[in-house]
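Trainee: Provided herewith: upload-v1.cif, mmCIF, C-alpha atoms.
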```cif
data_structure
loop_
_atom_site.label_atom_id
_atom_site.label_comp_id
_atom_site.auth_asym_id
_atom_site.auth_seq_id
_atom_site.Cartn_x
_atom_site.Cartn_y
_atom_site.Cartn_z
CA MET U 1 -180.16 -90.55 8.59
CA LYS U 2 -176.92 -90.36 6.58
CA SER U 3 -173.76 -88.86 8.00
CA CYS U 4 -171.39 -86.37 6.38
CA LEU U 5 -167.96 -85.22 7.50
CA VAL U 6 -167.15 -81.71 6.29
CA VAL U 7 -163.40 -81.20 5.97
CA ASP U 8 -162.37 -77.60 5.39
CA ASP U 9 -160.00 -75.20 7.12
CA SER U 10 -162.50 -72.37 6.65
CA LYS U 11 -164.95 -72.10 9.52
CA VAL U 12 -167.30 -70.15 7.25
CA ILE U 13 -167.38 -72.89 4.60
CA ARG U 14 -167.95 -75.54 7.27
CA LYS U 15 -170.83 -73.51 8.66
CA VAL U 16 -172.44 -73.00 5.22
CA ALA U 17 -172.01 -76.69 4.33
CA ARG U 18 -173.44 -77.75 7.69
CA HIS U 19 -176.48 -75.56 7.17
CA ILE U 20 -177.15 -77.05 3.71
CA LEU U 21 -176.47 -80.63 4.79
CA GLU U 22 -178.65 -80.46 7.90
CA GLY U 23 -181.40 -79.14 5.65
CA LEU U 24 -180.94 -82.32 3.60
CA ASP U 25 -181.31 -84.47 6.74
CA PHE U 26 -177.63 -85.30 7.20
CA THR U 27 -175.91 -85.72 10.54
CA VAL U 28 -172.89 -83.45 10.20
CA SER U 29 -169.44 -83.56 11.78
CA GLU U 30 -166.50 -81.29 11.03
CA ALA U 31 -162.72 -81.42 10.68
CA ALA U 32 -160.36 -78.51 9.98
CA ASP U 33 -157.64 -80.48 8.16
CA GLY U 34 -156.82 -83.88 6.66
CA ARG U 35 -155.20 -85.28 9.81
CA GLU U 36 -158.25 -84.43 11.94
CA ALA U 37 -160.46 -85.91 9.24
CA LEU U 38 -158.53 -89.19 9.11
CA ASP U 39 -158.79 -89.59 12.88
CA ALA U 40 -162.51 -88.82 12.71
CA CYS U 41 -163.07 -91.40 9.95
CA LEU U 42 -161.25 -94.15 11.82
CA ALA U 43 -163.26 -93.38 14.97
CA SER U 44 -166.63 -93.26 13.20
CA THR U 45 -166.94 -93.77 9.44
CA PRO U 46 -169.23 -91.23 7.72
CA ASP U 47 -171.33 -92.13 4.70
CA VAL U 48 -169.89 -89.24 2.73
CA ILE U 49 -167.02 -86.78 3.08
CA LEU U 50 -167.08 -83.24 1.70
CA LEU U 51 -163.40 -82.47 1.18
CA ASP U 52 -161.47 -79.25 0.62
CA TRP U 53 -158.22 -79.34 -1.36
CA ASN U 54 -155.86 -76.85 0.28
CA MET U 55 -155.58 -77.27 4.05
CA PRO U 56 -152.75 -77.07 6.60
CA VAL U 57 -151.26 -80.19 8.24
CA MET U 58 -152.63 -82.63 5.64
CA SER U 59 -154.11 -81.56 2.28
CA GLY U 60 -157.28 -82.98 0.81
CA MET U 61 -155.32 -85.06 -1.72
CA ASP U 62 -153.01 -86.48 0.96
CA PHE U 63 -156.03 -87.28 3.12
CA LEU U 64 -157.83 -89.01 0.23
CA ARG U 65 -154.84 -91.20 -0.66
CA ALA U 66 -154.36 -92.12 3.00
CA LEU U 67 -158.07 -92.85 3.45
CA ARG U 68 -158.20 -95.18 0.47
CA GLU U 69 -155.27 -97.16 1.94
CA THR U 70 -157.01 -97.73 5.27
CA PRO U 71 -159.32 -100.72 5.85
CA LEU U 72 -162.19 -98.33 5.09
CA GLY U 73 -161.07 -98.43 1.45
CA ALA U 74 -163.65 -96.99 -0.92
CA ARG U 75 -166.52 -97.17 1.61
CA PRO U 76 -166.98 -93.50 2.47
CA LYS U 77 -167.97 -91.57 -0.64
CA VAL U 78 -165.70 -88.57 -1.16
CA VAL U 79 -166.91 -85.39 -2.81
CA PHE U 80 -164.13 -82.86 -3.38
CA CYS U 81 -165.32 -79.33 -2.78
CA THR U 82 -162.71 -76.83 -3.83
CA THR U 83 -161.74 -73.67 -5.69
CA GLU U 84 -159.29 -75.75 -7.75
CA ASN U 85 -161.55 -75.78 -10.81
CA GLY U 86 -159.17 -76.79 -13.60
CA VAL U 87 -159.45 -80.02 -15.57
CA ALA U 88 -156.04 -81.23 -14.36
CA HIS U 89 -157.09 -80.90 -10.73
CA ILE U 90 -160.39 -82.67 -11.34
CA ARG U 91 -158.68 -85.57 -13.14
CA ALA U 92 -156.09 -85.87 -10.36
CA ALA U 93 -158.82 -86.02 -7.72
CA ILE U 94 -160.69 -88.76 -9.58
CA GLU U 95 -157.49 -90.77 -10.03
CA ALA U 96 -156.82 -90.48 -6.30
CA GLY U 97 -160.23 -91.95 -5.51
CA ALA U 98 -162.71 -89.07 -5.37
CA ASP U 99 -166.28 -90.06 -6.25
CA GLU U 100 -167.49 -86.58 -7.19
CA TYR U 101 -166.28 -83.01 -7.45
CA VAL U 102 -167.93 -79.71 -6.59
CA MET U 103 -166.36 -76.49 -7.79
CA LYS U 104 -166.67 -73.55 -5.38
CA PRO U 105 -168.73 -71.46 -5.25
CA PHE U 106 -171.69 -73.82 -5.15
CA ASP U 107 -175.31 -73.69 -4.03
CA ARG U 108 -177.72 -76.05 -2.28
CA GLU U 109 -179.08 -77.59 -5.48
CA THR U 110 -175.59 -78.35 -6.78
CA LEU U 111 -174.51 -80.00 -3.55
CA GLN U 112 -177.74 -81.98 -3.35
CA SER U 113 -177.36 -83.22 -6.93
CA LYS U 114 -173.77 -84.34 -6.26
CA LEU U 115 -174.83 -86.18 -3.11
CA GLN U 116 -177.55 -87.90 -5.13
CA ILE U 117 -175.01 -88.92 -7.75
CA VAL U 118 -172.87 -90.71 -5.13
CA GLY U 119 -176.00 -92.30 -3.65
CA ALA U 120 -175.84 -90.40 -0.38
CA ALA U 121 -179.00 -88.30 -0.70
CA MET Q 1 -186.22 -37.91 -14.25
CA THR Q 2 -187.71 -41.23 -13.23
CA ALA Q 3 -188.02 -42.12 -9.59
CA VAL Q 4 -186.68 -45.53 -8.65
CA PRO Q 5 -188.78 -47.16 -5.92
CA SER Q 6 -187.13 -47.85 -2.60
CA GLY Q 7 -186.61 -51.42 -1.43
CA ASP Q 8 -189.95 -51.44 0.39
CA THR Q 9 -191.96 -50.09 -2.51
CA PRO Q 10 -193.62 -52.55 -4.88
CA TYR Q 11 -191.74 -52.19 -8.16
CA ALA Q 12 -194.81 -52.53 -10.39
CA THR Q 13 -198.46 -51.61 -9.92
CA PRO Q 14 -201.18 -54.28 -9.90
CA ILE Q 15 -202.33 -53.02 -13.32
CA THR Q 16 -198.85 -53.55 -14.73
CA LEU Q 17 -198.61 -57.00 -13.17
CA THR Q 18 -201.93 -57.94 -14.77
CA ALA Q 19 -200.74 -56.61 -18.14
CA LEU Q 20 -197.57 -58.68 -17.89
CA ALA Q 21 -199.43 -61.83 -16.92
CA SER Q 22 -201.73 -61.27 -19.87
CA LEU Q 23 -198.79 -60.71 -22.25
CA LEU Q 24 -197.12 -63.93 -21.09
CA GLU Q 25 -200.31 -66.00 -21.35
CA SER Q 26 -201.25 -64.67 -24.78
CA ARG Q 27 -197.76 -65.43 -26.15
CA THR Q 28 -196.99 -68.74 -24.45
CA GLY Q 29 -200.08 -70.03 -22.65
CA GLN Q 30 -198.14 -69.82 -19.40
CA ARG Q 31 -199.69 -68.39 -16.28
CA ILE Q 32 -198.15 -66.65 -13.35
CA ALA Q 33 -199.85 -67.68 -10.13
CA PRO Q 34 -200.61 -64.69 -7.87
CA ASN Q 35 -198.28 -66.10 -5.20
CA ARG Q 36 -195.42 -66.05 -7.72
CA ALA Q 37 -195.93 -62.46 -8.78
CA TRP Q 38 -192.69 -61.59 -6.97
CA ARG Q 39 -190.88 -63.32 -9.84
CA ILE Q 40 -191.95 -60.54 -12.16
CA ASP Q 41 -189.96 -58.01 -10.14
CA THR Q 42 -186.90 -60.24 -10.04
CA ALA Q 43 -187.09 -61.10 -13.71
CA LEU Q 44 -187.73 -57.65 -15.12
CA LYS Q 45 -185.73 -55.26 -12.95
CA PRO Q 46 -182.51 -55.92 -14.92
CA LEU Q 47 -184.30 -55.43 -18.25
CA ALA Q 48 -185.84 -52.15 -17.10
CA ALA Q 49 -182.44 -50.94 -15.91
CA GLU Q 50 -180.75 -52.03 -19.15
CA ASN Q 51 -183.23 -49.88 -21.09
CA GLY Q 52 -182.66 -46.89 -18.84
CA LEU Q 53 -186.14 -47.20 -17.32
CA GLY Q 54 -186.79 -46.59 -13.66
CA SER Q 55 -189.66 -49.01 -13.17
CA ILE Q 56 -191.46 -52.00 -14.59
CA ASP Q 57 -194.49 -49.76 -15.17
CA GLU Q 58 -192.39 -47.73 -17.59
CA LEU Q 59 -191.06 -50.90 -19.22
CA VAL Q 60 -194.59 -52.12 -19.88
CA GLY Q 61 -195.53 -48.63 -21.13
CA HIS Q 62 -192.90 -49.03 -23.86
CA VAL Q 63 -194.52 -52.16 -25.29
CA ARG Q 64 -198.20 -51.18 -25.03
CA GLY Q 65 -200.10 -51.40 -28.29
CA GLY Q 66 -197.37 -53.48 -29.93
CA SER Q 67 -195.11 -50.43 -30.16
CA ASN Q 68 -191.88 -52.32 -29.49
CA PRO Q 69 -192.17 -56.02 -30.42
CA ALA Q 70 -188.46 -56.74 -29.86
CA LEU Q 71 -188.68 -55.45 -26.28
CA ALA Q 72 -191.95 -57.39 -25.75
CA ASP Q 73 -190.12 -60.57 -26.85
CA ARG Q 74 -187.42 -59.91 -24.30
CA ILE Q 75 -189.99 -59.31 -21.57
CA VAL Q 76 -191.67 -62.63 -22.35
CA ASP Q 77 -188.28 -64.39 -22.40
CA ALA Q 78 -187.41 -62.92 -19.02
CA LEU Q 79 -190.73 -64.02 -17.52
CA LEU Q 80 -190.42 -67.63 -18.64
CA ASN Q 81 -189.23 -70.08 -16.04
CA GLN Q 82 -186.11 -71.63 -17.56
CA GLU Q 83 -185.23 -73.72 -14.52
CA THR Q 84 -183.59 -76.95 -15.68
CA SER Q 85 -180.60 -79.16 -14.99
CA PHE Q 86 -178.64 -82.05 -16.41
CA PHE Q 87 -180.10 -85.52 -15.71
CA ARG Q 88 -182.96 -83.95 -13.78
CA ASP Q 89 -184.60 -86.36 -11.31
CA ALA Q 90 -181.71 -88.74 -10.76
CA GLY Q 91 -181.93 -91.92 -12.84
CA ALA Q 92 -185.02 -90.81 -14.79
CA ILE Q 93 -183.18 -90.01 -18.03
CA GLU Q 94 -181.25 -93.31 -18.07
CA ALA Q 95 -184.44 -95.27 -17.33
CA ALA Q 96 -186.28 -93.43 -20.11
CA ALA Q 97 -183.40 -94.02 -22.57
CA GLU Q 98 -183.54 -97.73 -21.73
CA ALA Q 99 -187.31 -97.81 -22.32
CA ILE Q 100 -187.06 -95.90 -25.61
CA ALA Q 101 -184.25 -98.14 -26.88
CA SER Q 102 -186.40 -101.19 -26.12
CA ILE Q 103 -189.37 -99.93 -28.17
CA ALA Q 104 -187.25 -98.37 -30.93
CA PRO Q 105 -184.13 -100.49 -31.38
CA GLY Q 106 -183.08 -98.64 -34.55
CA THR Q 107 -182.49 -94.90 -34.28
CA PRO Q 108 -185.22 -93.58 -31.98
CA ARG Q 109 -186.79 -90.22 -32.82
CA ILE Q 110 -187.23 -88.06 -29.73
CA TRP Q 111 -188.77 -84.62 -29.29
CA CYS Q 112 -187.84 -82.54 -26.25
CA ALA Q 113 -190.69 -80.04 -26.05
CA GLY Q 114 -189.83 -77.07 -23.83
CA CYS Q 115 -186.11 -77.78 -23.63
CA ALA Q 116 -185.15 -74.42 -22.04
CA THR Q 117 -181.37 -73.96 -22.29
CA GLY Q 118 -180.72 -77.50 -23.52
CA GLN Q 119 -179.65 -79.54 -20.51
CA GLU Q 120 -182.32 -82.22 -21.04
CA PRO Q 121 -181.69 -83.00 -24.73
CA LEU Q 122 -177.94 -82.96 -24.06
CA SER Q 123 -178.48 -85.40 -21.16
CA LEU Q 124 -180.43 -87.66 -23.51
CA ALA Q 125 -177.75 -87.40 -26.21
CA ILE Q 126 -175.13 -88.37 -23.60
CA ALA Q 127 -177.25 -91.27 -22.31
CA PHE Q 128 -177.73 -92.68 -25.82
CA ALA Q 129 -174.09 -92.13 -26.83
CA GLU Q 130 -172.90 -93.98 -23.72
CA ARG Q 131 -175.27 -96.89 -24.31
CA GLY Q 132 -173.06 -97.80 -27.26
CA GLY Q 133 -176.01 -98.67 -29.47
CA ALA Q 134 -177.83 -96.53 -31.98
CA LEU Q 135 -177.76 -92.79 -31.45
CA ALA Q 136 -181.02 -90.95 -31.00
CA ASP Q 137 -182.47 -88.54 -33.53
CA LEU Q 138 -183.26 -85.59 -31.26
CA ILE Q 139 -185.32 -82.47 -31.90
CA ALA Q 140 -185.39 -79.87 -29.14
CA THR Q 141 -187.80 -76.94 -29.11
CA ASP Q 142 -188.56 -74.04 -26.80
CA VAL Q 143 -190.75 -70.96 -27.01
CA SER Q 144 -187.81 -68.74 -26.04
CA ALA Q 145 -185.50 -67.75 -28.88
CA ALA Q 146 -182.88 -66.70 -26.34
CA ALA Q 147 -183.01 -70.10 -24.63
CA ILE Q 148 -182.66 -71.93 -27.96
CA ALA Q 149 -179.70 -69.74 -28.92
CA ARG Q 150 -178.02 -70.61 -25.63
CA ALA Q 151 -178.81 -74.30 -26.03
CA ARG Q 152 -177.39 -74.33 -29.55
CA ALA Q 153 -174.16 -72.75 -28.27
CA GLY Q 154 -173.86 -75.56 -25.70
CA ARG Q 155 -172.13 -73.19 -23.27
CA PHE Q 156 -172.81 -73.44 -19.55
CA THR Q 157 -171.67 -71.59 -16.47
CA GLN Q 158 -170.02 -73.40 -13.60
CA PHE Q 159 -173.31 -73.36 -11.67
CA GLU Q 160 -175.23 -74.82 -14.60
CA ILE Q 161 -172.73 -77.53 -15.53
CA GLN Q 162 -172.45 -78.85 -11.98
CA ARG Q 163 -176.16 -79.23 -11.39
CA GLY Q 164 -176.95 -82.89 -11.95
CA LEU Q 165 -174.02 -83.72 -14.24
CA PRO Q 166 -171.64 -86.36 -12.83
CA ILE Q 167 -168.05 -85.12 -12.93
CA ARG Q 168 -166.80 -87.96 -15.15
CA ARG Q 169 -169.46 -87.16 -17.72
CA MET Q 170 -168.53 -83.48 -17.55
CA LEU Q 171 -164.92 -84.31 -18.37
CA ARG Q 172 -165.96 -86.70 -21.12
CA TRP Q 173 -168.46 -84.48 -22.92
CA PHE Q 174 -167.51 -80.86 -22.12
CA GLU Q 175 -164.45 -78.69 -22.52
CA GLN Q 176 -163.44 -75.90 -20.19
CA ASP Q 177 -163.34 -72.44 -21.77
CA GLY Q 178 -162.47 -69.75 -19.23
CA ASP Q 179 -165.12 -69.94 -16.52
CA ASP Q 180 -167.56 -71.80 -18.78
CA TRP Q 181 -167.93 -75.36 -20.00
CA VAL Q 182 -168.79 -76.03 -23.64
CA ALA Q 183 -170.43 -79.19 -24.93
CA GLN Q 184 -168.43 -81.07 -27.52
CA ALA Q 185 -169.54 -80.26 -31.05
CA GLU Q 186 -170.38 -83.90 -31.80
CA LEU Q 187 -172.95 -83.80 -28.98
CA VAL Q 188 -174.59 -80.47 -29.91
CA ARG Q 189 -174.70 -81.38 -33.61
CA ARG Q 190 -176.75 -84.47 -32.86
CA ILE Q 191 -179.65 -82.26 -31.85
CA VAL Q 192 -181.86 -80.13 -34.09
CA TRP Q 193 -182.62 -76.96 -32.11
CA ARG Q 194 -185.72 -74.99 -33.06
CA ARG Q 195 -187.80 -72.17 -31.61
CA SER Q 196 -191.39 -73.33 -31.40
CA ASN Q 197 -194.41 -72.32 -29.37
CA LEU Q 198 -196.32 -75.38 -28.11
CA VAL Q 199 -199.63 -73.57 -27.85
CA VAL Q 200 -199.74 -72.12 -31.38
CA ASP Q 201 -197.20 -73.89 -33.60
CA ALA Q 202 -197.45 -77.31 -35.21
CA ALA Q 203 -195.36 -80.19 -33.85
CA PRO Q 204 -192.10 -80.95 -35.66
CA GLY Q 205 -192.68 -83.14 -38.71
CA GLY Q 206 -192.79 -86.93 -38.69
CA ARG Q 207 -193.69 -89.34 -35.92
CA PHE Q 208 -191.69 -89.66 -32.71
CA ASP Q 209 -190.95 -92.70 -30.57
CA ALA Q 210 -190.91 -90.54 -27.46
CA VAL Q 211 -191.67 -87.00 -26.35
CA PHE Q 212 -190.20 -85.31 -23.29
CA CYS Q 213 -192.35 -82.44 -22.04
CA ARG Q 214 -191.21 -81.93 -18.50
CA ASN Q 215 -192.20 -79.11 -16.19
CA VAL Q 216 -194.08 -77.29 -18.96
CA LEU Q 217 -197.70 -78.31 -18.33
CA PHE Q 218 -197.39 -77.10 -14.76
CA TYR Q 219 -197.31 -73.48 -15.95
CA LEU Q 220 -200.19 -73.78 -18.42
CA ALA Q 221 -203.91 -73.13 -17.96
CA PRO Q 222 -205.91 -76.41 -17.87
CA GLU Q 223 -207.37 -75.98 -21.38
CA MET Q 224 -203.86 -75.31 -22.73
CA ARG Q 225 -202.57 -78.50 -21.07
CA THR Q 226 -205.17 -80.54 -22.94
CA ARG Q 227 -204.31 -78.81 -26.20
CA VAL Q 228 -200.58 -79.45 -25.75
CA LEU Q 229 -201.17 -83.10 -24.83
CA ASP Q 230 -203.31 -83.47 -27.98
CA LEU Q 231 -200.48 -81.98 -30.03
CA ILE Q 232 -198.01 -84.43 -28.49
CA ALA Q 233 -200.38 -87.37 -29.01
CA GLY Q 234 -200.62 -86.45 -32.69
CA SER Q 235 -196.82 -86.40 -33.00
CA LEU Q 236 -196.23 -89.84 -31.45
CA ARG Q 237 -196.23 -93.12 -33.30
CA PRO Q 238 -198.58 -95.83 -31.96
CA GLY Q 239 -197.24 -97.08 -28.63
CA GLY Q 240 -194.99 -94.03 -28.32
CA LEU Q 241 -193.86 -92.82 -24.90
CA LEU Q 242 -194.38 -89.55 -23.07
CA MET Q 243 -192.32 -88.31 -20.16
CA LEU Q 244 -193.65 -85.47 -18.01
CA GLY Q 245 -192.13 -83.68 -15.02
CA ALA Q 246 -192.13 -85.36 -11.63
CA GLY Q 247 -195.17 -83.39 -10.43
CA GLU Q 248 -197.17 -83.57 -13.66
CA THR Q 249 -199.77 -86.02 -14.91
CA VAL Q 250 -202.06 -86.67 -17.88
CA ILE Q 251 -204.83 -87.76 -15.54
CA GLY Q 252 -207.73 -85.36 -15.84
CA GLN Q 253 -205.98 -83.57 -18.73
CA SER Q 254 -206.08 -86.06 -21.59
CA GLY Q 255 -207.64 -89.41 -22.40
CA ARG Q 256 -205.04 -90.22 -25.04
CA PHE Q 257 -202.39 -91.57 -22.68
CA VAL Q 258 -202.19 -94.15 -19.91
CA PRO Q 259 -199.46 -94.67 -17.30
CA SER Q 260 -197.15 -97.32 -18.74
CA LYS Q 261 -197.22 -100.69 -17.02
CA ARG Q 262 -193.89 -101.61 -18.62
CA PHE Q 263 -191.97 -98.41 -17.99
CA ARG Q 264 -192.33 -96.74 -14.63
CA GLY Q 265 -192.78 -92.98 -14.79
CA LEU Q 266 -193.68 -92.92 -18.49
CA TYR Q 267 -197.01 -92.66 -20.29
CA GLU Q 268 -197.98 -94.66 -23.38
CA LEU Q 269 -200.07 -93.37 -26.24
CA LEU Q 270 -203.35 -95.25 -26.51
CA PRO Q 271 -204.34 -96.59 -29.95
CA ALA Q 272 -206.58 -94.20 -31.89
CA ARG Q 273 -210.27 -95.10 -31.57
#
```
Would it be possible to restate this file's structure as structure tokens?
Mentor:
Amino acid sequence: MKSCLVVDDSKVIRKVARHILEGLDFTVSEAADGREALDACLASTPDVILLDWNMPVMSGMDFLRALRETPLGARPKVVFCTTENGVAHIRAAIEAGADEYVMKPFDRETLQSKLQIVGAA
Amino acid sequence: MTAVPSGDTPYATPITLTALASLLESRTGQRIAPNRAWRIDTALKPLAAENGLGSIDELVGHVRGGSNPALADRIVDALLNQETSFFRDAGAIEAAAEAIASIAPGTPRIWCAGCATGQEPLSLAIAFAERGGALADLIATDVSAAAIARARAGRFTQFEIQRGLPIRRMLRWFEQDGDDWVAQAELVRRIVWRRSNLVVDAAPGGRFDAVFCRNVLFYLAPEMRTRVLDLIAGSLRPGGLLMLGAGETVIGQSGRFVPSKRFRGLYELLPAR
């Protein structure tokens, strides 16, 4: 069973993502910001991280850059999941080390296809 | 004044549902299984409303006896299942492109039969363009004129573009236009888009190295499946390849193909006897 860390400051989004991911046979954990997510990754590395962009304490971009500098490197696959849908944002996320990108709103099939693309589903 | 049924009331009578199923099958060969009859409600409610009609029974009444062929076309379009996505069945398109390039090292001719809104031929065009070798000569057909018009425009909503398309490929081959994403002209122009009905029309001219006919046979009556597979067999060059949907097979439908031993998931045309 693969593991996924859902990082989003919205409880509703975390709940929706958890529901979809558990339906796809993932073990799901949650973090409400980048700092919490970094601690969670260092304690137990997930296979894939579903990452929001705008969050308090530490943003998704700051978390991603910090994650890629840890000994975990590129190991956890990172799928950005955000309302920032412009080309500039997408390019910036890829340059920072994101493996895939989901534009909100999304549905189950979209998320599943993105997880397949990064080899996590 | 027309009464609009409440949420608990069936929107169309069984007689209307039968008439619609008959209309769809006579035009396209496609069947609606009884357990999928709910789709008729979902598909046709907006069309009924758009025409100021309070029920699907009234909508069907407007096309009885061939009285409104344009509306009948739109009903058939709405009933067709246009479910598709980019690079459907992860890895299958790349594997097929590799197989086709190996049997047709020049410019392979490929027919996408039942291409819906164009995601599959565009995926193939991308796969061949990124291989760096010869580009494919692609012909894409669908029974729905509306679907072909959409495919030719190469315009996709955010939901459509995200489904199956890796983000790097999206940035490479599509441009953002408001909320939509539009395929680059060089990609769309590589494909000849044509409305064609598999069960009554002839195959596109010439011989093909490969035919993609995915998730089409599933909706056809058994005798129609055999007829369509015969049509495809006649359009392929000797040794040509056929790709069907993940849940489809030629077994029991046609003796003209065998599962390929060289290329997993593909069928090969048998030599003519």
Trainee: Return as a list in words the set of residues that the PyMOL selection byres ((chain U and resi 91) around 12) yields on the displayed structure.
Mentor: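 Selection result, ordered by chain and number: Met61, Phe80, Glu84, Asn85, Gly86, Val87, Ala88, His89, Ile90, Ala92, Ala93, Ile94, Glu95, Ala96, Gly97, Ala98, Asp99, Glu100 and Tyr101 of chain U; Ile167, Arg168, Arg169, Met170, Leu171 and Arg172 of chain Q.
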Trainee: Could those selected residues go to a file with C-alpha atoms, as a CSV table (one decimal), in the coordinates of the input?
Mentor:
```csv
chain,number,residue,atom,x,y,z
U,61,MET,CA,-155.3,-85.1,-1.7
U,80,PHE,CA,-164.1,-82.9,-3.4
U,84,GLU,CA,-159.3,-75.8,-7.8
U,85,ASN,CA,-161.6,-75.8,-10.8
U,86,GLY,CA,-159.2,-76.8,-13.6
U,87,VAL,CA,-159.4,-80.0,-15.6
U,88,ALA,CA,-156.0,-81.2,-14.4
U,89,HIS,CA,-157.1,-80.9,-10.7
U,90,ILE,CA,-160.4,-82.7,-11.3
U,92,ALA,CA,-156.1,-85.9,-10.4
U,93,ALA,CA,-158.8,-86.0,-7.7
U,94,ILE,CA,-160.7,-88.8,-9.6
U,95,GLU,CA,-157.5,-90.8,-10.0
U,96,ALA,CA,-156.8,-90.5,-6.3
U,97,GLY,CA,-160.2,-92.0,-5.5
U,98,ALA,CA,-162.7,-89.1,-5.4
U,99,ASP,CA,-166.3,-90.1,-6.2
U,100,GLU,CA,-167.5,-86.6,-7.2
U,101,TYR,CA,-166.3,-83.0,-7.4
Q,167,ILE,CA,-168.0,-85.1,-12.9
Q,168,ARG,CA,-166.8,-88.0,-15.2
Q,169,ARG,CA,-169.5,-87.2,-17.7
Q,170,MET,CA,-168.5,-83.5,-17.6
Q,171,LEU,CA,-164.9,-84.3,-18.4
Q,172,ARG,CA,-166.0,-86.7,-21.1
```
Trainee: Pull out every residue of chain Q that has at least one atom within 7 Å of chain U, counting all atoms listed in the file, and report them as a PyMOL selection string.
Mentor: chain Q and resi 159+162-164+166-167
Trainee: Run the PyMOL selection byres ((chain U and resi 31) around 12) mentally over the shown coordinates, then write out the matched residues as an NGL selection string, using the chain letters and numbers from the document.
Mentor: :U and (4-11 or 13-15 or 18 or 28-30 or 32-41 or 49-52 or 55-58 or 60 or 63)
Trainee: For this structure, which residues satisfy the selection - the PyMOL selection byres ((chain Q and resi 182-185) around 8) - when it is evaluated on the file as given? I want them as a VMD selection string.
Mentor: chain Q and resid 153 to 156 173 to 177 180 to 181 186 to 189
Trainee: Please produce, as a Markdown table, a per-residue contact table for range 193-240 of chain Q versus range 88-103 of chain Q (criterion: any atom at most 10 Å away, all atoms listed in the file considered), showing the nearest atom pair and its distance in Å to one decimal, sorted by chain then residue number.
Mentor:
```
| residue | atom | partner | partner_atom | distance |
| --- | --- | --- | --- | --- |
| Q:Asp209 | CA | Q:Ile100 | CA | 7.1 |
| Q:Ala210 | CA | Q:Ile100 | CA | 6.9 |
| Q:Phe212 | CA | Q:Ala96 | CA | 9.6 |
| Q:Arg214 | CA | Q:Arg88 | CA | 9.7 |
| Q:Gly239 | CA | Q:Ile103 | CA | 8.4 |
| Q:Gly240 | CA | Q:Ile103 | CA | 8.1 |
```
Trainee: Can you measure CA of Thr84 in chain Q to CA of Leu217 in chain Q for me? One decimal in Å is fine.
Mentor: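 Interatomic distance, CA of Thr84 in chain Q to CA of Leu217 in chain Q: 14.4 Å.
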Trainee: Would you mind reading off the distance between CA of Asp137 in chain Q and CA of Thr117 in chain Q, one decimal, in Å?
Mentor: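 Taking CA of Asp137 in chain Q and CA of Thr117 in chain Q, their separation equals 18.4 Å.
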Trainee: So what do you get for CA of Ala121 in chain U versus CA of His19 in chain U, distance-wise?
Mentor: 15.2 Å
Trainee: Here is a test: counting all atoms listed in the file, which residue of Q:Asn68, Q:Thr226, Q:Ser85, Q:Thr107 is nearest to Thr157 in chain Q?
Mentor: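 Under the stated criterion, the closest residue is Q:Ser85.
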Trainee: Output range 217-227 of chain Q with N, CA and C atoms present, as a short mmCIF file (atom, residue, chain, number, x, y, z; two decimals), in the frame of the given file.
Mentor:
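This is the output file selection-v4.cif:
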```cif
data_model
loop_
_atom_site.label_atom_id
_atom_site.label_comp_id
_atom_site.auth_asym_id
_atom_site.auth_seq_id
_atom_site.Cartn_x
_atom_site.Cartn_y
_atom_site.Cartn_z
N LEU Q 217 -196.25 -78.32 -18.58
CA LEU Q 217 -197.70 -78.31 -18.33
C LEU Q 217 -198.05 -77.57 -17.05
N PHE Q 218 -197.18 -77.70 -16.08
CA PHE Q 218 -197.39 -77.10 -14.76
C PHE Q 218 -197.74 -75.61 -14.86
N TYR Q 219 -197.14 -74.93 -15.84
CA TYR Q 219 -197.31 -73.48 -15.95
C TYR Q 219 -198.49 -73.09 -16.84
N LEU Q 220 -199.14 -74.08 -17.46
CA LEU Q 220 -200.19 -73.78 -18.42
C LEU Q 220 -201.57 -73.81 -17.77
N ALA Q 221 -202.50 -73.05 -18.37
CA ALA Q 221 -203.91 -73.13 -17.96
C ALA Q 221 -204.43 -74.52 -18.35
N PRO Q 222 -205.44 -75.05 -17.61
CA PRO Q 222 -205.91 -76.41 -17.87
C PRO Q 222 -206.28 -76.68 -19.33
N GLU Q 223 -206.96 -75.74 -19.98
CA GLU Q 223 -207.37 -75.98 -21.38
C GLU Q 223 -206.14 -76.04 -22.30
N MET Q 224 -205.11 -75.29 -21.94
CA MET Q 224 -203.86 -75.31 -22.73
C MET Q 224 -203.14 -76.65 -22.55
N ARG Q 225 -203.22 -77.20 -21.33
CA ARG Q 225 -202.57 -78.50 -21.07
C ARG Q 225 -203.18 -79.56 -21.99
N THR Q 226 -204.50 -79.56 -22.09
CA THR Q 226 -205.17 -80.54 -22.94
C THR Q 226 -204.75 -80.34 -24.39
N ARG Q 227 -204.68 -79.08 -24.81
CA ARG Q 227 -204.31 -78.81 -26.20
C ARG Q 227 -202.88 -79.30 -26.48
#
```
